[in-house]
file data04.json (JSON, C-alpha atoms)
[["chain", "number", "residue", "atom", "x", "y", "z"],
["M", 1198, "MET", "CA", -1.56, 1.04, 20.69],
["M", 1199, "THR", "CA", -3.85, -0.15, 17.97],
["M", 1200, "GLY", "CA", -4.88, -3.68, 18.78],
["M", 1201, "PRO", "CA", -6.43, -6.22, 16.47],
["M", 1202, "SER", "CA", -9.81, -5.35, 15.11],
["M", 1203, "GLY", "CA", -11.70, -7.36, 17.75],
["M", 1204, "SER", "CA", -10.50, -5.41, 20.77],
["M", 1205, "ILE", "CA", -12.88, -2.46, 20.54],
["M", 1206, "GLY", "CA", -15.86, -4.74, 20.11],
["M", 1207, "ASP", "CA", -14.91, -6.65, 23.26],
["M", 1208, "ASP", "CA", -15.13, -3.61, 25.43],
["M", 1209, "GLU", "CA", -18.48, -2.73, 23.95],
["M", 1210, "LEU", "CA", -19.65, -6.24, 24.79],
["M", 1211, "LEU", "CA", -18.90, -5.77, 28.46],
["M", 1212, "GLY", "CA", -22.22, -4.19, 29.35],
["M", 1213, "SER", "CA", -24.15, -6.93, 27.56],
["M", 1214, "LEU", "CA", -22.06, -9.63, 29.23],
["M", 1215, "ARG", "CA", -22.79, -8.24, 32.66],
["M", 1216, "ALA", "CA", -26.47, -8.04, 31.81],
["M", 1217, "GLY", "CA", -26.55, -11.75, 31.05],
["M", 1218, "ASP", "CA", -26.89, -11.43, 27.27],
["M", 1219, "GLU", "CA", -26.24, -14.97, 26.01],
["M", 1220, "GLU", "CA", -25.70, -13.92, 22.44],
["M", 1221, "ALA", "CA", -23.00, -11.50, 23.52],
["M", 1222, "PHE", "CA", -21.41, -14.29, 25.52],
["M", 1223, "VAL", "CA", -21.39, -16.67, 22.55],
["M", 1224, "THR", "CA", -19.79, -13.96, 20.41],
["M", 1225, "PHE", "CA", -17.17, -13.33, 23.03],
["M", 1226, "VAL", "CA", -16.34, -17.01, 23.51],
["M", 1227, "GLY", "CA", -16.32, -17.64, 19.77],
["M", 1228, "ARG", "CA", -13.90, -14.82, 19.23],
["M", 1229, "HIS", "CA", -11.36, -15.93, 21.80],
["M", 1230, "ASN", "CA", -11.71, -19.61, 22.47],
["M", 1231, "HIS", "CA", -9.54, -20.83, 19.64],
["M", 1232, "SER", "CA", -6.56, -18.63, 20.28],
["M", 1233, "MET", "CA", -6.90, -19.32, 24.01],
["M", 1234, "LEU", "CA", -6.57, -23.02, 23.27],
["M", 1235, "ARG", "CA", -3.43, -22.37, 21.27],
["M", 1236, "ILE", "CA", -1.92, -20.17, 23.91],
["M", 1237, "ALA", "CA", -2.75, -22.69, 26.62],
["M", 1238, "ARG", "CA", -1.32, -25.50, 24.52],
["M", 1239, "SER", "CA", 2.02, -23.73, 24.36],
["M", 1240, "PHE", "CA", 2.34, -24.02, 28.14],
["M", 1241, "VAL", "CA", 0.96, -27.45, 28.89],
["M", 1242, "PRO", "CA", 1.86, -30.97, 27.75],
["M", 1243, "SER", "CA", -1.31, -31.97, 25.87],
["M", 1244, "SER", "CA", -4.39, -30.67, 24.08],
["M", 1245, "ALA", "CA", -6.61, -32.26, 26.72],
["M", 1246, "VAL", "CA", -4.90, -30.30, 29.48],
["M", 1247, "ALA", "CA", -5.10, -27.13, 27.36],
["M", 1248, "GLU", "CA", -8.85, -27.61, 27.01],
["M", 1249, "GLU", "CA", -9.21, -27.97, 30.76],
["M", 1250, "VAL", "CA", -7.24, -24.80, 31.33],
["M", 1251, "VAL", "CA", -9.40, -22.89, 28.85],
["M", 1252, "GLN", "CA", -12.59, -24.25, 30.38],
["M", 1253, "ASP", "CA", -11.37, -23.20, 33.84],
["M", 1254, "THR", "CA", -10.52, -19.79, 32.47],
["M", 1255, "TRP", "CA", -14.03, -19.30, 31.11],
["M", 1256, "MET", "CA", -15.46, -20.30, 34.47],
["M", 1257, "ALA", "CA", -13.23, -17.76, 36.19],
["M", 1258, "VAL", "CA", -14.26, -15.15, 33.64],
["M", 1259, "VAL", "CA", -17.96, -15.81, 34.15],
["M", 1260, "ARG", "CA", -17.52, -15.56, 37.90],
["M", 1261, "GLY", "CA", -15.35, -12.46, 37.69],
["M", 1262, "ILE", "CA", -17.07, -10.44, 35.01],
["M", 1263, "GLY", "CA", -19.25, -8.64, 37.54],
["M", 1264, "ASN", "CA", -16.16, -7.40, 39.35],
["M", 1265, "PHE", "CA", -14.05, -6.61, 36.31],
["M", 1266, "GLU", "CA", -13.04, -3.00, 36.76],
["M", 1267, "GLY", "CA", -11.99, -2.20, 33.24],
["M", 1268, "ARG", "CA", -8.50, -1.00, 34.17],
["M", 1269, "SER", "CA", -7.17, -3.16, 31.36],
["M", 1270, "SER", "CA", -9.00, -4.14, 28.21],
["M", 1271, "LEU", "CA", -11.37, -7.07, 28.49],
["M", 1272, "ARG", "CA", -9.07, -9.01, 26.19],
["M", 1273, "SER", "CA", -5.93, -8.51, 28.22],
["M", 1274, "TRP", "CA", -7.83, -9.37, 31.41],
["M", 1275, "LEU", "CA", -9.01, -12.61, 29.80],
["M", 1276, "VAL", "CA", -5.59, -13.50, 28.43],
["M", 1277, "GLY", "CA", -4.02, -12.67, 31.79],
["M", 1278, "ILE", "CA", -6.26, -15.16, 33.59],
["M", 1279, "LEU", "CA", -5.52, -17.77, 30.95],
["M", 1280, "VAL", "CA", -1.75, -17.39, 30.94],
["M", 1281, "ASN", "CA", -1.50, -17.42, 34.72],
["M", 1282, "ARG", "CA", -3.50, -20.63, 34.88],
["M", 1283, "ALA", "CA", -1.67, -22.23, 32.00],
["M", 1284, "ARG", "CA", 1.69, -21.31, 33.46],
["M", 1285, "SER", "CA", 0.93, -22.74, 36.86],
["M", 1286, "THR", "CA", -0.56, -25.89, 35.35],
["M", 1287, "GLY", "CA", 2.35, -26.37, 33.01],
["M", 1288, "ALA", "CA", 5.04, -25.27, 35.45],
["M", 1289, "ARG", "CA", 6.33, -28.74, 36.15],
["M", 1290, "GLU", "CA", 6.54, -29.74, 32.52],
["M", 1291, "HIS", "CA", 7.55, -26.41, 31.10],
["M", 1292, "ARG", "CA", 11.30, -26.00, 30.85],
["M", 1293, "SER", "CA", 12.25, -22.51, 29.88],
["M", 1294, "GLU", "CA", 14.37, -22.65, 26.79],
["M", 1295, "PRO", "CA", 17.20, -20.21, 26.22],
["M", 1296, "VAL", "CA", 16.06, -17.04, 24.50],
["M", 1297, "ALA", "CA", 19.18, -15.98, 22.68],
["M", 1298, "THR", "CA", 19.78, -17.87, 19.51],
["M", 1299, "ASN", "CA", 21.89, -16.89, 16.57],
["M", 1300, "GLN", "CA", 19.10, -17.65, 14.18],
["M", 1301, "PRO", "CA", 19.10, -14.71, 11.76],
["M", 1302, "ALA", "CA", 15.97, -12.83, 10.63],
["M", 1303, "VAL", "CA", 16.85, -13.64, 7.02],
["M", 1304, "ASP", "CA", 18.86, -16.60, 5.79],
["M", 1305, "ALA", "CA", 22.49, -15.61, 5.30],
["M", 1306, "CYS", "CA", 22.53, -17.09, 1.79],
["M", 1307, "ARG", "CA", 20.36, -14.19, 0.62],
["M", 1308, "PHE", "CA", 23.19, -11.71, 1.22],
["M", 1309, "ASP", "CA", 26.59, -11.37, -0.39],
["M", 1310, "GLU", "CA", 29.82, -11.30, 1.59],
["M", 1311, "GLY", "CA", 29.43, -7.59, 2.16],
["M", 1312, "GLY", "CA", 25.95, -8.08, 3.65],
["M", 1313, "GLN", "CA", 24.02, -6.67, 0.67],
["M", 1314, "TRP", "CA", 20.94, -8.43, -0.67],
["M", 1315, "ILE", "CA", 21.60, -10.92, -3.50],
["M", 1316, "SER", "CA", 18.10, -12.30, -3.31],
["M", 1317, "PRO", "CA", 15.99, -9.34, -2.16],
["M", 1318, "PRO", "CA", 12.53, -9.72, -0.61],
["M", 1319, "GLN", "CA", 9.91, -10.56, -3.24],
["M", 1320, "HIS", "CA", 7.12, -8.03, -3.22],
["M", 1321, "PHE", "CA", 3.89, -9.55, -1.92],
["M", 1322, "ALA", "CA", 1.33, -9.89, -4.67],
["M", 1323, "GLN", "CA", -1.05, -6.90, -4.39],
["M", 1324, "ASP", "CA", -4.04, -9.11, -4.42],
["M", 1325, "VAL", "CA", -3.07, -11.49, -1.60],
["M", 1326, "GLU", "CA", -6.18, -10.63, 0.32],
["M", 1327, "ASP", "CA", -8.43, -10.82, -2.73],
["M", 1328, "ARG", "CA", -6.96, -14.01, -4.04],
["M", 1329, "VAL", "CA", -6.90, -15.89, -0.77],
["M", 1330, "SER", "CA", -9.91, -15.96, 1.51],
["M", 1331, "ALA", "CA", -9.50, -14.56, 5.00],
["M", 1332, "VAL", "CA", -10.13, -18.03, 6.41],
["M", 1333, "GLU", "CA", -7.44, -19.60, 4.26],
["M", 1334, "LEU", "CA", -4.98, -16.86, 5.10],
["M", 1335, "SER", "CA", -5.73, -17.36, 8.79],
["M", 1336, "GLN", "CA", -5.08, -21.08, 8.46],
["M", 1337, "ARG", "CA", -1.72, -20.46, 6.85],
["M", 1338, "ILE", "CA", -0.68, -18.02, 9.52],
["M", 1339, "ARG", "CA", -1.79, -20.46, 12.20],
["M", 1340, "SER", "CA", 0.19, -23.28, 10.70],
["M", 1341, "SER", "CA", 3.26, -21.02, 10.49],
["M", 1342, "LEU", "CA", 2.74, -20.11, 14.12],
["M", 1343, "ASP", "CA", 2.60, -23.77, 15.05],
["M", 1344, "GLY", "CA", 6.04, -24.20, 13.53],
["M", 1345, "LEU", "CA", 7.62, -21.55, 15.76],
["M", 1346, "PRO", "CA", 9.62, -22.45, 18.85],
["M", 1347, "VAL", "CA", 7.28, -22.24, 21.82],
["M", 1348, "ARG", "CA", 8.59, -19.03, 23.39],
["M", 1349, "GLN", "CA", 8.47, -17.18, 20.07],
["M", 1350, "ARG", "CA", 4.99, -18.49, 19.46],
["M", 1351, "GLN", "CA", 3.79, -17.30, 22.86],
["M", 1352, "VAL", "CA", 5.15, -13.80, 22.38],
["M", 1353, "VAL", "CA", 3.85, -13.44, 18.81],
["M", 1354, "MET", "CA", 0.41, -14.74, 19.78],
["M", 1355, "LEU", "CA", 0.09, -12.46, 22.77],
["M", 1356, "ARG", "CA", 1.41, -9.38, 21.00],
["M", 1357, "ASP", "CA", 0.16, -9.66, 17.43],
["M", 1358, "ILE", "CA", -2.91, -11.85, 17.69],
["M", 1359, "GLU", "CA", -4.24, -10.97, 21.14],
["M", 1360, "GLY", "CA", -3.01, -7.40, 20.88],
["M", 1361, "LEU", "CA", -1.40, -7.15, 24.32],
["M", 1362, "ASN", "CA", 1.30, -4.52, 24.75],
["M", 1363, "SER", "CA", 4.94, -5.29, 25.49],
["M", 1364, "LYS", "CA", 4.67, -4.56, 29.20],
["M", 1365, "GLU", "CA", 1.69, -6.87, 29.61],
["M", 1366, "VAL", "CA", 3.53, -9.65, 27.79],
["M", 1367, "CYS", "CA", 6.73, -9.20, 29.81],
["M", 1368, "ASP", "CA", 4.74, -9.34, 33.05],
["M", 1369, "LEU", "CA", 2.71, -12.38, 32.04],
["M", 1370, "LEU", "CA", 5.64, -14.40, 30.75],
["M", 1371, "ASP", "CA", 8.07, -13.05, 33.32],
["M", 1372, "ILE", "CA", 10.68, -12.06, 30.75],
["M", 1373, "SER", "CA", 12.69, -8.89, 30.22],
["M", 1374, "ASP", "CA", 11.72, -6.34, 27.63],
["M", 1375, "GLY", "CA", 14.89, -7.11, 25.68],
["M", 1376, "ASN", "CA", 14.15, -10.83, 25.55],
["M", 1377, "GLN", "CA", 10.57, -10.13, 24.61],
["M", 1378, "ARG", "CA", 11.76, -8.12, 21.62],
["M", 1379, "ILE", "CA", 14.24, -10.81, 20.55],
["M", 1380, "LEU", "CA", 11.50, -13.46, 20.63],
["M", 1381, "LEU", "CA", 9.08, -11.17, 18.81],
["M", 1382, "HIS", "CA", 11.71, -10.40, 16.19],
["M", 1383, "ARG", "CA", 12.57, -14.05, 15.54],
["M", 1384, "GLY", "CA", 8.93, -15.08, 15.44],
["M", 1385, "ARG", "CA", 7.74, -12.28, 13.16],
["M", 1386, "SER", "CA", 10.73, -12.79, 10.89],
["M", 1387, "ARG", "CA", 9.83, -16.44, 10.43],
["M", 1388, "LEU", "CA", 6.20, -15.61, 9.69],
["M", 1389, "ARG", "CA", 7.27, -13.01, 7.14],
["M", 1390, "GLU", "CA", 9.58, -15.51, 5.50],
["M", 1391, "GLU", "CA", 6.74, -18.00, 5.12],
["M", 1392, "LEU", "CA", 4.34, -15.38, 3.78],
["M", 1393, "GLU", "CA", 6.99, -14.34, 1.28],
["M", 1394, "ALA", "CA", 7.47, -17.94, 0.17],
["M", 1395, "GLU", "CA", 3.73, -18.18, -0.31],
["M", 1396, "PHE", "CA", 2.81, -14.79, -1.71],
["M", 1397, "GLY", "CA", 6.02, -13.21, -3.02],
["M", 1398, "LYS", "CA", 5.97, -12.61, -6.75],
["M", 1399, "VAL", "CA", 8.38, -14.81, -8.63],
["O", 1141, "MET", "CA", 29.92, 0.79, -3.35],
["O", 1142, "PHE", "CA", 31.87, 2.74, -0.75],
["O", 1143, "LEU", "CA", 30.79, 2.10, 2.83],
["O", 1144, "ARG", "CA", 31.59, 4.39, 5.69],
["O", 1145, "PRO", "CA", 32.39, 2.45, 8.85],
["O", 1146, "ARG", "CA", 29.20, 3.56, 10.57],
["O", 1147, "ASP", "CA", 26.90, 2.66, 7.69],
["O", 1148, "LEU", "CA", 24.63, -0.33, 8.07],
["O", 1149, "VAL", "CA", 24.58, -3.11, 5.53],
["O", 1150, "CYS", "CA", 21.30, -4.82, 4.63],
["O", 1151, "GLN", "CA", 22.05, -7.93, 6.66],
["O", 1152, "GLN", "CA", 22.43, -5.76, 9.77],
["O", 1153, "ALA", "CA", 19.44, -3.56, 8.93],
["O", 1154, "VAL", "CA", 16.97, -6.46, 8.82],
["O", 1155, "GLU", "CA", 17.95, -7.37, 12.38],
["O", 1156, "LEU", "CA", 16.94, -3.90, 13.58],
["O", 1157, "VAL", "CA", 13.47, -3.90, 12.06],
["O", 1158, "THR", "CA", 11.58, -5.05, 15.17],
["O", 1159, "ASP", "CA", 13.43, -2.69, 17.49],
["O", 1160, "TYR", "CA", 12.64, 0.08, 14.99],
["O", 1161, "ILE", "CA", 8.93, -0.76, 14.86],
["O", 1162, "GLU", "CA", 8.86, -1.08, 18.66],
["O", 1163, "GLY", "CA", 10.51, 2.30, 19.07],
["O", 1164, "ALA", "CA", 13.38, 0.67, 20.96],
["O", 1165, "LEU", "CA", 16.33, 1.95, 18.92],
["O", 1166, "SER", "CA", 18.58, 4.65, 20.28],
["O", 1167, "ARG", "CA", 18.31, 7.92, 18.46],
["O", 1168, "ALA", "CA", 21.66, 7.34, 16.72],
["O", 1169, "ASP", "CA", 20.69, 3.82, 15.61],
["O", 1170, "ARG", "CA", 17.34, 5.02, 14.38],
["O", 1171, "ARG", "CA", 19.08, 7.64, 12.24],
["O", 1172, "ARG", "CA", 21.46, 5.04, 10.81],
["O", 1173, "PHE", "CA", 18.56, 2.71, 10.11],
["O", 1174, "GLU", "CA", 16.47, 5.40, 8.43],
["O", 1175, "SER", "CA", 19.36, 6.63, 6.33],
["O", 1176, "HIS", "CA", 19.97, 3.05, 5.20],
["O", 1177, "LEU", "CA", 16.30, 2.71, 4.24],
["O", 1178, "ALA", "CA", 16.41, 5.98, 2.33],
["O", 1179, "GLY", "CA", 18.98, 4.47, -0.02],
["O", 1180, "CYS", "CA", 17.78, 0.87, -0.05],
["O", 1181, "PRO", "CA", 14.48, -0.10, -1.71],
["O", 1182, "HIS", "CA", 14.96, -3.77, -0.72],
["O", 1183, "CYS", "CA", 15.17, -3.06, 2.99],
["O", 1184, "THR", "CA", 12.27, -0.61, 2.64],
["O", 1185, "GLU", "CA", 10.29, -3.45, 1.10],
["O", 1186, "TYR", "CA", 11.43, -5.73, 3.90],
["O", 1187, "LEU", "CA", 10.19, -3.33, 6.59],
["O", 1188, "GLU", "CA", 6.86, -3.02, 4.78],
["O", 1189, "GLN", "CA", 6.52, -6.80, 4.68],
["O", 1190, "MET", "CA", 7.12, -7.04, 8.40],
["O", 1191, "ARG", "CA", 4.33, -4.49, 8.92],
["O", 1192, "VAL", "CA", 2.00, -6.46, 6.64],
["O", 1193, "THR", "CA", 2.88, -9.65, 8.55],
["O", 1194, "ILE", "CA", 1.88, -8.00, 11.83],
["O", 1195, "GLN", "CA", -1.37, -6.71, 10.32],
["O", 1196, "LEU", "CA", -2.31, -10.07, 8.88],
["O", 1197, "SER", "CA", -1.66, -11.79, 12.21],
["O", 1198, "GLY", "CA", -3.95, -9.27, 13.89],
["O", 1199, "ARG", "CA", -6.77, -10.12, 11.50],
["O", 1200, "ILE", "CA", -6.67, -13.87, 11.91],
["O", 1201, "GLU", "CA", -10.20, -15.30, 11.78],
["O", 1202, "PRO", "CA", -11.50, -17.35, 14.70],
["O", 1203, "ASP", "CA", -12.48, -20.95, 14.02],
["O", 1204, "GLU", "CA", -15.99, -22.20, 14.58],
["O", 1205, "LEU", "CA", -16.61, -23.07, 18.19],
["O", 1206, "PRO", "CA", -17.65, -26.70, 18.69],
["O", 1207, "LEU", "CA", -21.37, -26.74, 19.53],
["O", 1208, "GLU", "CA", -20.94, -28.95, 22.52],
["O", 1209, "MET", "CA", -18.43, -26.63, 24.12],
["O", 1210, "ARG", "CA", -20.59, -23.63, 23.30],
["O", 1211, "ASP", "CA", -23.60, -25.18, 24.99],
["O", 1212, "GLU", "CA", -21.63, -26.07, 28.09],
["O", 1213, "LEU", "CA", -20.29, -22.56, 28.43],
["O", 1214, "VAL", "CA", -23.65, -20.95, 27.81],
["O", 1215, "ALA", "CA", -25.19, -23.16, 30.51],
["O", 1216, "LEU", "CA", -22.48, -22.03, 32.88],
["O", 1217, "TYR", "CA", -23.07, -18.40, 31.99],
["O", 1218, "ARG", "CA", -26.84, -18.76, 32.41],
["O", 1219, "GLN", "CA", -26.29, -20.28, 35.83],
["O", 1220, "TRP", "CA", -24.02, -17.41, 36.84],
["O", 1221, "HIS", "CA", -26.55, -14.85, 35.71],
["O", 1222, "ALA", "CA", -29.35, -16.62, 37.60],
["O", 1223, "ASP", "CA", -27.23, -16.72, 40.76],
["O", 1224, "ALA", "CA", -26.08, -13.13, 40.39],
["O", 1225, "GLY", "CA", -29.53, -11.81, 39.64]]
call {"tool": "encode", "arguments": {"input": "data04.json", "output": "structure tokens"}}
result
Amino acid sequence: MTGPSGSIGDDELLGSLRAGDEEAFVTFVGRHNHSMLRIARSFVPSSAVAEEVVQDTWMAVVRGIGNFEGRSSLRSWLVGILVNRARSTGAREHRSEPVATNQPAVDACRFDEGGQWISPPQHFAQDVEDRVSAVELSQRIRSSLDGLPVRQRQVVMLRDIEGLNSKEVCDLLDISDGNQRILLHRGRSRLREELEAEFGKV
Amino acid sequence: MFLRPRDLVCQQAVELVTDYIEGALSRADRRRFESHLAGCPHCTEYLEQMRVTIQLSGRIEPDELPLEMRDELVALYRQWHADAG
């Protein structure tokens, strides 16, 4: 699958990381630390605990990098360590919420009684990415992500931000492929809705 | 508009978008979905927006790392490299 743009760079960093290149390490940490904090936070009760989990993960990564065999991408190895730690730390607090909800992808009021669009999707302005800086766009997506129910947020972050594949996500979160797709669908649908509200042409 | 019983309506089509992108639809459902899209510019637009949403999520920019945390981690890394070497 094609992962996010950072994933190829990570694997190229591996040699430098093993060789003790501090600049490569700072790049690697800078690239992942923030989303690791967010992922950790979705499993544990507080930001302070999330920071501890991320710190522990980096320590495990530093210790393990020499033995990393490259069977998975560096990114999925890193995220795997993180999620396993976060899950075990948060296990007591984390109640699994039911996956199946009847929340539709698109609000029912946008369709007529026959299920046809009354209020069709508004085309995104062509210049979204010119008009809005990448940093600002990232902030908006992050704040939309924060509004998602925790299980949807976890799946969307792991799949679409960290670039893990569906099997990796099912294994890490211990959910079925069908449930993974439902969560992904609900989460992506909500993000799309918010982008449309922001960038759809009126 | 006349609907055959097996035709999808838009409200059903939007619920199949993720399964379609994930390649998880049965062959029959994929055909129904694609034939709906062929006649429905709104649902075609909807599918495109879901793809754009995924792309934009994948390009999210990392925040600046707090200096203090960076220094701590670099110290740890330096220590590891000294021990390993």
call {"tool": "closest_atom_pairs", "arguments": {"input": "data04.json", "of": "chain O", "to": "chain M", "cutoff": "7 Å", "atoms": "all atoms listed in the file", "output": "Markdown table"}}
result
| residue | atom | partner | partner_atom | distance |
| --- | --- | --- | --- | --- |
| O:Val1149 | CA | M:Gly1312 | CA | 5.5 |
| O:Cys1150 | CA | M:Gln1313 | CA | 5.1 |
| O:Gln1151 | CA | M:Gly1312 | CA | 4.9 |
| O:Val1154 | CA | M:Ala1302 | CA | 6.7 |
| O:Glu1155 | CA | M:Ala1302 | CA | 6.1 |
| O:Thr1158 | CA | M:His1382 | CA | 5.4 |
| O:His1182 | CA | M:Pro1317 | CA | 5.8 |
| O:Glu1185 | CA | M:Pro1318 | CA | 6.9 |
| O:Tyr1186 | CA | M:Pro1318 | CA | 6.1 |
| O:Gln1189 | CA | M:Arg1389 | CA | 6.7 |
| O:Met1190 | CA | M:Arg1389 | CA | 6.1 |
| O:Thr1193 | CA | M:Arg1389 | CA | 5.7 |
| O:Ile1194 | CA | M:Asp1357 | CA | 6.1 |
| O:Ser1197 | CA | M:Ile1358 | CA | 5.6 |
| O:Gly1198 | CA | M:Pro1201 | CA | 4.7 |
| O:Arg1199 | CA | M:Pro1201 | CA | 6.3 |
| O:Ile1200 | CA | M:Ser1335 | CA | 4.8 |
| O:Glu1201 | CA | M:Ser1335 | CA | 5.8 |
| O:Pro1202 | CA | M:Arg1228 | CA | 5.7 |
| O:Asp1203 | CA | M:His1231 | CA | 6.3 |
| O:Glu1204 | CA | M:Gly1227 | CA | 6.9 |
| O:Leu1205 | CA | M:Gly1227 | CA | 5.7 |
| O:Val1214 | CA | M:Glu1219 | CA | 6.8 |
| O:Tyr1217 | CA | M:Val1259 | CA | 6.1 |
| O:Trp1220 | CA | M:Val1259 | CA | 6.8 |
| O:His1221 | CA | M:Gly1217 | CA | 5.6 |
call {"tool": "write_last_selection", "arguments": {"input": "data04.json", "atoms": "C-alpha atoms", "output": "PDB file, in the coordinates of the input"}}
result
ATOM      1  CA  VAL O1149      24.580  -3.110   5.530  1.00  0.00           C
ATOM      2  CA  CYS O1150      21.300  -4.820   4.630  1.00  0.00           C
ATOM      3  CA  GLN O1151      22.050  -7.930   6.660  1.00  0.00           C
ATOM      4  CA  VAL O1154      16.970  -6.460   8.820  1.00  0.00           C
ATOM      5  CA  GLU O1155      17.950  -7.370  12.380  1.00  0.00           C
ATOM      6  CA  THR O1158      11.580  -5.050  15.170  1.00  0.00           C
ATOM      7  CA  HIS O1182      14.960  -3.770  -0.720  1.00  0.00           C
ATOM      8  CA  GLU O1185      10.290  -3.450   1.100  1.00  0.00           C
ATOM      9  CA  TYR O1186      11.430  -5.730   3.900  1.00  0.00           C
ATOM     10  CA  GLN O1189       6.520  -6.800   4.680  1.00  0.00           C
ATOM     11  CA  MET O1190       7.120  -7.040   8.400  1.00  0.00           C
ATOM     12  CA  THR O1193       2.880  -9.650   8.550  1.00  0.00           C
ATOM     13  CA  ILE O1194       1.880  -8.000  11.830  1.00  0.00           C
ATOM     14  CA  SER O1197      -1.660 -11.790  12.210  1.00  0.00           C
ATOM     15  CA  GLY O1198      -3.950  -9.270  13.890  1.00  0.00           C
ATOM     16  CA  ARG O1199      -6.770 -10.120  11.500  1.00  0.00           C
ATOM     17  CA  ILE O1200      -6.670 -13.870  11.910  1.00  0.00           C
ATOM     18  CA  GLU O1201     -10.200 -15.300  11.780  1.00  0.00           C
ATOM     19  CA  PRO O1202     -11.500 -17.350  14.700  1.00  0.00           C
ATOM     20  CA  ASP O1203     -12.480 -20.950  14.020  1.00  0.00           C
ATOM     21  CA  GLU O1204     -15.990 -22.200  14.580  1.00  0.00           C
ATOM     22  CA  LEU O1205     -16.610 -23.070  18.190  1.00  0.00           C
ATOM     23  CA  VAL O1214     -23.650 -20.950  27.810  1.00  0.00           C
ATOM     24  CA  TYR O1217     -23.070 -18.400  31.990  1.00  0.00           C
ATOM     25  CA  TRP O1220     -24.020 -17.410  36.840  1.00  0.00           C
ATOM     26  CA  HIS O1221     -26.550 -14.850  35.710  1.00  0.00           C
TER      27      HIS O1221
END
call {"tool": "atom_distance", "arguments": {"input": "data04.json", "atom1": "atom CA of Leu1148 of chain O", "atom2": "atom CA of Lys1364 of chain M"}}
result
29.4 Å
call {"tool": "atom_distance", "arguments": {"input": "data04.json", "atom1": "atom CA of Gly1206 of chain M", "atom2": "atom CA of Ser1270 of chain M"}}
result
10.6 Å
call {"tool": "atom_distance", "arguments": {"input": "data04.json", "atom1": "atom CA of Ala1237 of chain M", "atom2": "atom CA of Gln1351 of chain M"}}
result
9.3 Å
call {"tool": "residues_around", "arguments": {"input": "data04.json", "residues": "Phe1173 of chain O", "least_positions_apart": "6", "cutoff": "9 Å", "atoms": "all atoms listed in the file", "output": "PDB file with C-alpha atoms, in the frame of the given file"}}
result
ATOM      1  CA  ASP O1147      26.900   2.660   7.690  1.00  0.00           C
ATOM      2  CA  LEU O1148      24.630  -0.330   8.070  1.00  0.00           C
ATOM      3  CA  ALA O1153      19.440  -3.560   8.930  1.00  0.00           C
ATOM      4  CA  LEU O1156      16.940  -3.900  13.580  1.00  0.00           C
ATOM      5  CA  VAL O1157      13.470  -3.900  12.060  1.00  0.00           C
ATOM      6  CA  TYR O1160      12.640   0.080  14.990  1.00  0.00           C
TER       7      TYR O1160
END
